file run_7.txt (compact mmCIF, C-alpha atoms)
# COMPACT_ATOMS: atom_id res chain seq x y z
CA GLY A 56 93.03 116.01 129.21
CA ALA A 57 92.23 117.24 125.74
CA VAL A 58 91.11 114.62 123.21
CA VAL A 59 91.24 114.50 119.45
CA SER A 60 88.93 111.95 117.91
CA GLN A 61 89.69 110.61 114.45
CA HIS A 62 87.29 108.48 112.44
CA PRO A 63 87.33 105.95 110.90
CA SER A 64 90.27 104.03 112.30
CA ARG A 65 90.44 101.78 109.29
CA VAL A 66 88.92 101.96 105.82
CA ILE A 67 89.17 99.78 102.76
CA CYS A 68 87.91 101.17 99.48
CA LYS A 69 87.98 100.47 95.79
CA SER A 70 90.23 102.37 93.44
CA GLY A 71 88.55 105.48 92.08
CA THR A 72 86.31 106.12 95.06
CA SER A 73 86.63 108.98 97.55
CA VAL A 74 87.21 108.56 101.26
CA LYS A 75 86.54 111.10 104.00
CA ILE A 76 88.44 111.12 107.28
CA GLU A 77 87.18 113.20 110.19
CA CYS A 78 89.20 114.80 112.95
CA ARG A 79 87.37 116.32 115.92
CA SER A 80 88.61 118.19 118.95
CA LEU A 81 86.26 116.95 121.65
CA ASP A 82 86.74 119.37 124.50
CA PHE A 83 88.55 122.33 123.04
CA GLN A 84 88.40 124.58 120.00
CA ALA A 85 91.04 124.25 117.32
CA THR A 86 91.47 126.97 114.73
CA THR A 87 94.33 124.94 113.30
CA MET A 88 94.70 121.23 112.71
CA PHE A 89 97.48 119.26 111.08
CA TRP A 90 97.27 116.26 108.77
CA TYR A 91 100.12 113.74 108.51
CA ARG A 92 100.72 110.69 106.37
CA GLN A 93 102.95 107.70 106.99
CA PHE A 94 103.89 105.13 104.38
CA PRO A 95 105.13 101.74 105.62
CA LYS A 96 108.56 101.97 107.25
CA GLN A 97 108.80 105.67 106.45
CA SER A 98 108.62 108.79 108.55
CA LEU A 99 105.42 110.46 109.62
CA MET A 100 105.20 113.44 107.22
CA LEU A 101 103.20 116.64 107.51
CA MET A 102 100.81 116.93 104.56
CA ALA A 103 98.91 120.09 105.27
CA THR A 104 97.76 122.60 107.85
CA SER A 105 94.02 123.03 108.14
CA ASN A 106 92.77 126.50 109.05
CA GLU A 107 89.24 127.14 110.29
CA GLY A 108 87.35 129.37 107.90
CA SER A 109 90.11 129.60 105.28
CA LYS A 110 92.05 127.51 102.83
CA ALA A 111 94.41 124.82 103.98
CA THR A 112 98.14 125.19 103.53
CA TYR A 113 99.73 122.23 101.78
CA GLU A 114 103.31 121.04 102.06
CA GLN A 115 105.43 120.80 98.98
CA GLY A 116 104.58 117.81 96.83
CA VAL A 117 101.09 117.26 98.26
CA GLU A 118 98.30 117.57 95.68
CA LYS A 119 95.64 119.88 97.03
CA ASP A 120 93.07 118.73 94.47
CA LYS A 121 93.55 115.14 95.55
CA PHE A 122 93.57 115.71 99.30
CA LEU A 123 90.68 118.04 100.01
CA ILE A 124 90.70 119.60 103.44
CA ASN A 125 87.72 121.31 104.99
CA HIS A 126 87.84 123.01 108.38
CA ALA A 127 84.32 124.35 108.62
CA SER A 128 84.05 124.62 112.38
CA LEU A 129 86.29 125.11 115.40
CA THR A 130 86.07 121.44 116.30
CA LEU A 131 86.08 119.58 113.00
CA SER A 132 88.49 119.16 110.12
CA THR A 133 87.99 116.64 107.34
CA LEU A 134 90.42 115.16 104.86
CA THR A 135 88.92 113.71 101.68
CA VAL A 136 91.09 111.53 99.51
CA THR A 137 89.51 111.91 96.09
CA SER A 138 89.65 109.25 93.40
CA ALA A 139 91.80 107.09 95.60
CA HIS A 140 94.41 104.81 94.09
CA PRO A 141 96.48 102.02 95.64
CA GLU A 142 99.44 104.39 96.04
CA ASP A 143 97.32 106.48 98.41
CA SER A 144 97.18 103.56 100.83
CA SER A 145 98.77 104.91 103.95
CA PHE A 146 98.32 105.77 107.60
CA TYR A 147 96.82 109.25 108.09
CA ILE A 148 96.95 111.10 111.44
CA CYS A 149 95.53 114.45 112.48
CA SER A 150 96.57 116.67 115.34
CA ALA A 151 95.37 119.86 116.95
CA PRO A 152 97.20 122.27 119.22
CA ILE A 153 96.18 124.23 122.26
CA GLY A 154 98.37 127.28 122.41
CA SER A 155 101.74 127.36 120.71
CA THR A 156 103.96 124.74 122.36
CA ASN A 157 104.50 121.09 121.53
CA GLU A 158 103.32 120.00 124.96
CA LYS A 159 99.85 121.01 123.89
CA LEU A 160 99.70 119.18 120.58
CA PHE A 161 97.08 116.43 120.65
CA PHE A 162 96.90 113.66 118.10
CA GLY A 163 94.14 111.50 116.77
CA SER A 164 94.63 107.74 116.78
CA GLY A 165 95.06 107.58 113.02
CA THR A 166 93.28 106.09 110.01
CA GLN A 167 94.68 103.18 108.04
CA LEU A 168 93.52 103.56 104.44
CA SER A 169 93.80 100.63 102.09
CA VAL A 170 92.86 101.16 98.44
CA LEU A 171 92.25 98.01 96.43
CA GLY B 159 117.46 118.21 104.55
CA ASP B 160 116.55 117.82 108.18
CA SER B 161 115.62 114.28 109.13
CA VAL B 162 115.26 111.77 111.94
CA THR B 163 116.34 108.13 111.76
CA GLN B 164 115.14 105.53 114.23
CA MET B 165 116.08 101.93 114.70
CA GLU B 166 113.73 99.66 112.86
CA GLY B 167 111.39 97.58 114.93
CA PRO B 168 109.77 95.70 116.23
CA VAL B 169 111.68 95.50 119.45
CA THR B 170 110.58 92.55 121.56
CA LEU B 171 111.59 92.37 125.22
CA SER B 172 110.71 90.49 128.33
CA GLU B 173 109.31 92.38 131.29
CA GLU B 174 111.99 94.11 133.41
CA ALA B 175 114.50 94.09 130.55
CA PHE B 176 116.56 97.18 129.66
CA LEU B 177 115.33 99.18 126.71
CA THR B 178 117.23 101.27 124.21
CA ILE B 179 115.66 102.71 121.08
CA ASN B 180 118.20 104.52 118.94
CA CYS B 181 117.48 107.86 117.32
CA THR B 182 119.84 110.01 115.29
CA TYR B 183 119.12 113.24 113.53
CA THR B 184 120.35 115.53 110.80
CA ALA B 185 119.65 119.20 111.18
CA THR B 186 121.04 122.43 109.79
CA GLY B 187 120.61 124.31 113.04
CA TYR B 188 120.11 123.55 116.71
CA PRO B 189 116.94 121.52 117.05
CA SER B 190 114.75 120.67 119.97
CA LEU B 191 114.30 116.90 120.27
CA PHE B 192 111.27 114.89 121.32
CA TRP B 193 110.02 111.40 121.95
CA TYR B 194 106.33 110.72 121.34
CA VAL B 195 104.52 107.50 122.26
CA GLN B 196 101.43 105.97 120.71
CA TYR B 197 99.65 103.34 122.77
CA PRO B 198 97.29 100.96 120.93
CA GLY B 199 94.14 102.73 119.80
CA GLU B 200 95.28 106.12 121.05
CA GLY B 201 96.86 109.24 119.59
CA LEU B 202 100.50 110.16 119.85
CA GLN B 203 101.42 111.90 123.08
CA LEU B 204 104.56 113.67 124.14
CA LEU B 205 106.76 111.45 126.32
CA LEU B 206 109.77 113.68 126.89
CA LYS B 207 111.84 116.41 125.32
CA ALA B 208 115.21 118.18 125.39
CA THR B 209 115.85 121.61 123.98
CA LYS B 210 119.63 121.94 124.02
CA ALA B 211 122.82 119.91 124.02
CA ASP B 212 123.44 117.72 127.09
CA ASP B 213 119.87 118.19 128.32
CA LYS B 214 118.25 115.03 129.62
CA GLY B 215 114.52 114.56 129.16
CA SER B 216 112.78 112.11 131.46
CA ASN B 217 109.27 110.86 132.15
CA LYS B 218 107.64 107.64 133.40
CA GLY B 219 111.06 106.01 133.88
CA PHE B 220 112.15 106.83 130.32
CA GLU B 221 115.21 108.98 129.66
CA ALA B 222 116.94 110.47 126.64
CA THR B 223 120.00 112.71 126.49
CA TYR B 224 120.58 115.25 123.76
CA ARG B 225 124.03 114.39 122.36
CA LYS B 226 125.18 117.02 119.93
CA GLU B 227 128.52 115.35 119.23
CA THR B 228 126.84 112.17 118.02
CA THR B 229 123.59 113.86 116.86
CA SER B 230 121.65 111.35 118.86
CA PHE B 231 118.72 111.21 121.27
CA HIS B 232 118.45 107.55 122.27
CA LEU B 233 115.51 106.51 124.42
CA GLU B 234 116.24 104.30 127.43
CA LYS B 235 114.38 102.66 130.26
CA GLY B 236 115.93 100.49 132.90
CA SER B 237 113.07 98.06 133.40
CA VAL B 238 110.22 97.85 130.93
CA GLN B 239 106.69 96.76 131.71
CA VAL B 240 104.03 95.17 129.56
CA SER B 241 102.17 98.48 129.67
CA ASP B 242 105.09 100.12 127.82
CA SER B 243 104.15 98.23 124.66
CA ALA B 244 103.55 100.95 122.11
CA VAL B 245 105.02 102.71 119.10
CA TYR B 246 107.70 105.29 119.89
CA PHE B 247 108.44 108.22 117.58
CA CYS B 248 111.53 110.40 117.74
CA ALA B 249 111.07 113.93 116.41
CA LEU B 250 112.77 117.28 116.08
CA THR B 251 111.84 120.84 115.43
CA LEU B 252 114.03 123.75 114.46
CA SER B 253 111.57 126.56 114.51
CA GLY B 254 110.06 125.79 117.88
CA GLY B 255 106.67 125.61 116.27
CA TYR B 256 104.58 122.46 116.35
CA ASN B 257 103.80 122.74 112.67
CA LYS B 258 107.43 121.99 111.84
CA LEU B 259 107.86 118.73 113.71
CA ILE B 260 109.95 116.23 111.76
CA PHE B 261 109.30 112.65 112.78
CA GLY B 262 111.13 109.40 112.47
CA ALA B 263 109.40 106.26 111.23
CA GLY B 264 108.50 105.01 114.68
CA THR B 265 109.67 101.91 116.53
CA ARG B 266 107.20 99.35 117.78
CA LEU B 267 107.98 97.91 121.22
CA ALA B 268 106.39 94.70 122.42
CA VAL B 269 106.97 93.67 126.05
CA HIS B 270 106.04 90.16 127.11
CA PRO B 271 105.43 88.95 130.68
call {"tool": "encode", "arguments": {"input": "run_7.txt", "output": "structure tokens"}}
result
Amino acid sequence: GAVVSQHPSRVICKSGTSVKIECRSLDFQATTMFWYRQFPKQSLMLMATSNEGSKATYEQGVEKDKFLINHASLTLSTLTVTSAHPEDSSFYICSAPIGSTNEKLFFGSGTQLSVL
Amino acid sequence: GDSVTQMEGPVTLSEEAFLTINCTYTATGYPSLFWYVQYPGEGLQLLLKATKADDKGSNKGFEATYRKETTSFHLEKGSVQVSDSAVYFCALTLSGGYNKLIFGAGTRLAVHP
């Protein structure tokens, strides 16, 4: 079946540094990818929709200058957490659809970001 | 607003025990309901779904019934296996589009031999 690869699975960084998370569709093309964030004991929340060749669409309350999304090809979307702070520590997951139904939504395995 | 509430884990069971993971929702319309599962080191994958009241979704021995009167979609399995150890997410969507999935916090299940 289709696979979405997310890297790294875990990252620890110092406050003030930037961290890049990659999301790749390995055997299909994805013009759209989704980025989610989950704080401990809270719901998995949609942050933004990444669109190949155009600007990402951010959900209300998500800072676009802090969470830079680049979807430069049909198989790769990146999320860069700029000037990370401890409050950005969270679990980040990407997903990519094939078609328009939920049965064809494939998720990466997630990235646990810890900012010291 | 629309939301999903799941029972807090972890849930720890012995093999062959009966499983229930509670899920309730709040929605302004008539949502479709889903259970996703995330096995260790893997991405979330759709386990089952129900699109209208009284529908029962089922897959791999798991079942969940869409109960409009109690706004619930509890996940059940009669006899769990060690391989069922995973994190289970309840979710809903109102628009039918995948970009509007609303998830619960997830419930970790650990099954011991």
call {"tool": "closest_residue", "arguments": {"input": "run_7.txt", "among": "A:Ile76, A:Val170, A:Leu131, A:Met88", "to": "Ser150 in chain A", "atoms": "all atoms listed in the file"}}
result
A:Met88
call {"tool": "closest_residue", "arguments": {"input": "run_7.txt", "among": "A:Leu168, A:Ile153, A:Ile148, A:Val66", "to": "Leu99 in chain A", "atoms": "only C-alpha atoms"}}
result
A:Ile148
call {"tool": "closest_residue", "arguments": {"input": "run_7.txt", "among": "B:Phe176, B:Tyr183, B:Phe192, B:Phe231", "to": "chain A", "atoms": "all atoms listed in the file"}}
result
B:Phe192
call {"tool": "interface_residues", "arguments": {"input": "run_7.txt", "of": "chain A", "to": "chain B", "cutoff": "9 Å", "atoms": "all atoms listed in the file", "output": "MDAnalysis selection string"}}
result
chainID A and resid 58:61 64 89 93:101 104 148:150 152 155:165
call {"tool": "residues_around", "arguments": {"input": "run_7.txt", "residues": "range 82-87 of chain A", "least_positions_apart": "6", "cutoff": "7 Å", "atoms": "only C-alpha atoms", "output": "list in words"}}
result
Ala57, Val58, Thr104, Ser105, Asn106, Glu107, Leu129, Thr130, Ala151 and Pro152 of chain A
call {"tool": "write_last_selection", "arguments": {"input": "run_7.txt", "atoms": "C-alpha atoms", "output": "PDB file, keeping the file's coordinate frame"}}
result
ATOM      1  CA  ALA A  57      92.230 117.240 125.740  1.00  0.00           C
ATOM      2  CA  VAL A  58      91.110 114.620 123.210  1.00  0.00           C
ATOM      3  CA  THR A 104      97.760 122.600 107.850  1.00  0.00           C
ATOM      4  CA  SER A 105      94.020 123.030 108.140  1.00  0.00           C
ATOM      5  CA  ASN A 106      92.770 126.500 109.050  1.00  0.00           C
ATOM      6  CA  GLU A 107      89.240 127.140 110.290  1.00  0.00           C
ATOM      7  CA  LEU A 129      86.290 125.110 115.400  1.00  0.00           C
ATOM      8  CA  THR A 130      86.070 121.440 116.300  1.00  0.00           C
ATOM      9  CA  ALA A 151      95.370 119.860 116.950  1.00  0.00           C
ATOM     10  CA  PRO A 152      97.200 122.270 119.220  1.00  0.00           C
TER      11      PRO A 152
END
call {"tool": "residues_around", "arguments": {"input": "run_7.txt", "residues": "range 185-188 of chain B", "least_positions_apart": "5", "cutoff": "9 Å", "atoms": "all atoms listed in the file", "output": "ChimeraX atom specification"}}
result
/B:159-162,209-211,226,229,250-252
call {"tool": "closest_residue", "arguments": {"input": "run_7.txt", "among": "B:Val269, B:Ala244, B:Ala208, B:Val195", "to": "Arg225 in chain B", "atoms": "only C-alpha atoms"}}
result
B:Ala208
call {"tool": "residues_around", "arguments": {"input": "run_7.txt", "residues": "Thr137 in chain A", "least_positions_apart": "6", "cutoff": "8 Å", "atoms": "all atoms listed in the file", "output": "number ranges by chain"}}
result
A: 71-74, 120-123
call {"tool": "atom_distance", "arguments": {"input": "run_7.txt", "atom1": "CA of Glu77 in chain A", "atom2": "CA of Glu118 in chain A"}}
result
18.8 Å
call {"tool": "atom_distance", "arguments": {"input": "run_7.txt", "atom1": "CA of Tyr91 in chain A", "atom2": "CA of Ser128 in chain A"}}
result
19.8 Å
call {"tool": "atom_distance", "arguments": {"input": "run_7.txt", "atom1": "CA of Leu171 in chain B", "atom2": "CA of Glu234 in chain B"}}
result
13.0 Å
call {"tool": "residues_around", "arguments": {"input": "run_7.txt", "residues": "Thr178 in chain B", "least_positions_apart": "6", "cutoff": "10 Å", "atoms": "only C-alpha atoms", "output": "list of chain:residue names"}}
result
B:Met165, B:Val169, B:Phe220, B:Glu221, B:Ala222, B:His232, B:Leu233, B:Glu234, B:Lys235, B:Gly236
call {"tool": "closest_residue", "arguments": {"input": "run_7.txt", "among": "B:His270, B:Thr228, B:Asp212, B:Ser241", "to": "Cys181 in chain B", "atoms": "all atoms listed in the file"}}
result
B:Thr228
call {"tool": "build_atoms", "arguments": {"input": "run_7.txt", "residues": "range 76-87 of chain A", "atoms": "all heavy atoms", "output": "PDB file, in the coordinates of the input"}}
result
ATOM      1  N   ILE A  76      87.943 111.380 105.931  1.00  0.00           N
ATOM      2  CA  ILE A  76      88.440 111.120 107.280  1.00  0.00           C
ATOM      3  C   ILE A  76      88.130 112.340 108.139  1.00  0.00           C
ATOM      4  O   ILE A  76      88.405 113.470 107.734  1.00  0.00           O
ATOM      5  CB  ILE A  76      89.956 110.849 107.274  1.00  0.00           C
ATOM      6  CG1 ILE A  76      90.295 109.671 106.357  1.00  0.00           C
ATOM      7  CG2 ILE A  76      90.467 110.573 108.689  1.00  0.00           C
ATOM      8  CD1 ILE A  76      91.782 109.498 106.111  1.00  0.00           C
ATOM      9  N   GLU A  77      87.555 112.103 109.310  1.00  0.00           N
ATOM     10  CA  GLU A  77      87.180 113.200 110.190  1.00  0.00           C
ATOM     11  C   GLU A  77      88.110 113.311 111.387  1.00  0.00           C
ATOM     12  O   GLU A  77      88.549 112.300 111.935  1.00  0.00           O
ATOM     13  CB  GLU A  77      85.746 113.012 110.704  1.00  0.00           C
ATOM     14  CG  GLU A  77      84.689 113.107 109.642  1.00  0.00           C
ATOM     15  CD  GLU A  77      83.289 113.086 110.230  1.00  0.00           C
ATOM     16  OE1 GLU A  77      83.144 112.755 111.421  1.00  0.00           O
ATOM     17  OE2 GLU A  77      82.338 113.406 109.501  1.00  0.00           O
ATOM     18  N   CYS A  78      88.362 114.531 111.780  1.00  0.00           N
ATOM     19  CA  CYS A  78      89.200 114.800 112.950  1.00  0.00           C
ATOM     20  C   CYS A  78      88.463 115.832 113.809  1.00  0.00           C
ATOM     21  O   CYS A  78      88.192 116.947 113.345  1.00  0.00           O
ATOM     22  CB  CYS A  78      90.550 115.344 112.508  1.00  0.00           C
ATOM     23  SG  CYS A  78      91.710 115.670 113.852  1.00  0.00           S
ATOM     24  N   ARG A  79      88.128 115.448 115.039  1.00  0.00           N
ATOM     25  CA  ARG A  79      87.370 116.320 115.920  1.00  0.00           C
ATOM     26  C   ARG A  79      88.126 116.600 117.215  1.00  0.00           C
ATOM     27  O   ARG A  79      88.699 115.689 117.811  1.00  0.00           O
ATOM     28  CB  ARG A  79      86.036 115.666 116.299  1.00  0.00           C
ATOM     29  CG  ARG A  79      85.067 115.499 115.170  1.00  0.00           C
ATOM     30  CD  ARG A  79      83.773 114.832 115.636  1.00  0.00           C
ATOM     31  NE  ARG A  79      82.888 114.585 114.513  1.00  0.00           N
ATOM     32  CZ  ARG A  79      82.009 115.451 114.038  1.00  0.00           C
ATOM     33  NH1 ARG A  79      81.911 116.638 114.594  1.00  0.00           N
ATOM     34  NH2 ARG A  79      81.241 115.152 113.014  1.00  0.00           N
ATOM     35  N   SER A  80      88.115 117.843 117.621  1.00  0.00           N
ATOM     36  CA  SER A  80      88.610 118.190 118.950  1.00  0.00           C
ATOM     37  C   SER A  80      87.406 118.134 119.874  1.00  0.00           C
ATOM     38  O   SER A  80      86.429 118.850 119.680  1.00  0.00           O
ATOM     39  CB  SER A  80      89.245 119.580 118.944  1.00  0.00           C
ATOM     40  OG  SER A  80      88.350 120.553 118.465  1.00  0.00           O
ATOM     41  N   LEU A  81      87.457 117.252 120.869  1.00  0.00           N
ATOM     42  CA  LEU A  81      86.260 116.950 121.650  1.00  0.00           C
ATOM     43  C   LEU A  81      85.992 117.941 122.772  1.00  0.00           C
ATOM     44  O   LEU A  81      84.859 118.143 123.163  1.00  0.00           O
ATOM     45  CB  LEU A  81      86.352 115.538 122.217  1.00  0.00           C
ATOM     46  CG  LEU A  81      86.335 114.418 121.185  1.00  0.00           C
ATOM     47  CD1 LEU A  81      86.274 113.063 121.881  1.00  0.00           C
ATOM     48  CD2 LEU A  81      85.176 114.576 120.220  1.00  0.00           C
ATOM     49  N   ASP A  82      86.983 118.503 123.364  1.00  0.00           N
ATOM     50  CA  ASP A  82      86.740 119.370 124.500  1.00  0.00           C
ATOM     51  C   ASP A  82      87.522 120.675 124.428  1.00  0.00           C
ATOM     52  O   ASP A  82      87.756 121.328 125.452  1.00  0.00           O
ATOM     53  CB  ASP A  82      87.058 118.644 125.812  1.00  0.00           C
ATOM     54  CG  ASP A  82      88.422 117.985 125.782  1.00  0.00           C
ATOM     55  OD1 ASP A  82      89.129 118.126 124.760  1.00  0.00           O
ATOM     56  OD2 ASP A  82      88.779 117.337 126.769  1.00  0.00           O
ATOM     57  N   PHE A  83      87.906 121.041 123.217  1.00  0.00           N
ATOM     58  CA  PHE A  83      88.550 122.330 123.040  1.00  0.00           C
ATOM     59  C   PHE A  83      88.352 122.764 121.588  1.00  0.00           C
ATOM     60  O   PHE A  83      88.026 121.965 120.715  1.00  0.00           O
ATOM     61  CB  PHE A  83      90.040 122.276 123.385  1.00  0.00           C
ATOM     62  CG  PHE A  83      90.866 121.407 122.461  1.00  0.00           C
ATOM     63  CD1 PHE A  83      91.625 121.975 121.442  1.00  0.00           C
ATOM     64  CD2 PHE A  83      90.896 120.023 122.612  1.00  0.00           C
ATOM     65  CE1 PHE A  83      92.387 121.185 120.594  1.00  0.00           C
ATOM     66  CE2 PHE A  83      91.656 119.223 121.777  1.00  0.00           C
ATOM     67  CZ  PHE A  83      92.400 119.804 120.771  1.00  0.00           C
ATOM     68  N   GLN A  84      88.534 124.045 121.349  1.00  0.00           N
ATOM     69  CA  GLN A  84      88.400 124.580 120.000  1.00  0.00           C
ATOM     70  C   GLN A  84      89.757 124.649 119.326  1.00  0.00           C
ATOM     71  O   GLN A  84      90.747 125.025 119.952  1.00  0.00           O
ATOM     72  CB  GLN A  84      87.751 125.967 120.053  1.00  0.00           C
ATOM     73  CG  GLN A  84      86.320 125.935 120.539  1.00  0.00           C
ATOM     74  CD  GLN A  84      85.679 127.309 120.556  1.00  0.00           C
ATOM     75  OE1 GLN A  84      86.351 128.319 120.662  1.00  0.00           O
ATOM     76  NE2 GLN A  84      84.360 127.338 120.424  1.00  0.00           N
ATOM     77  N   ALA A  85      89.777 124.288 118.062  1.00  0.00           N
ATOM     78  CA  ALA A  85      91.040 124.250 117.320  1.00  0.00           C
ATOM     79  C   ALA A  85      90.895 125.038 116.029  1.00  0.00           C
ATOM     80  O   ALA A  85      90.226 124.592 115.097  1.00  0.00           O
ATOM     81  CB  ALA A  85      91.436 122.812 117.028  1.00  0.00           C
ATOM     82  N   THR A  86      91.495 126.191 115.976  1.00  0.00           N
ATOM     83  CA  THR A  86      91.470 126.970 114.730  1.00  0.00           C
ATOM     84  C   THR A  86      92.441 126.390 113.704  1.00  0.00           C
ATOM     85  O   THR A  86      92.347 126.678 112.523  1.00  0.00           O
ATOM     86  CB  THR A  86      91.847 128.434 114.996  1.00  0.00           C
ATOM     87  OG1 THR A  86      93.137 128.472 115.635  1.00  0.00           O
ATOM     88  CG2 THR A  86      90.831 129.102 115.906  1.00  0.00           C
ATOM     89  N   THR A  87      93.349 125.582 114.182  1.00  0.00           N
ATOM     90  CA  THR A  87      94.330 124.940 113.300  1.00  0.00           C
ATOM     91  C   THR A  87      94.380 123.453 113.598  1.00  0.00           C
ATOM     92  O   THR A  87      94.323 123.051 114.767  1.00  0.00           O
ATOM     93  CB  THR A  87      95.728 125.542 113.532  1.00  0.00           C
ATOM     94  OG1 THR A  87      95.692 126.939 113.238  1.00  0.00           O
ATOM     95  CG2 THR A  87      96.771 124.868 112.639  1.00  0.00           C
TER      96      THR A  87
END
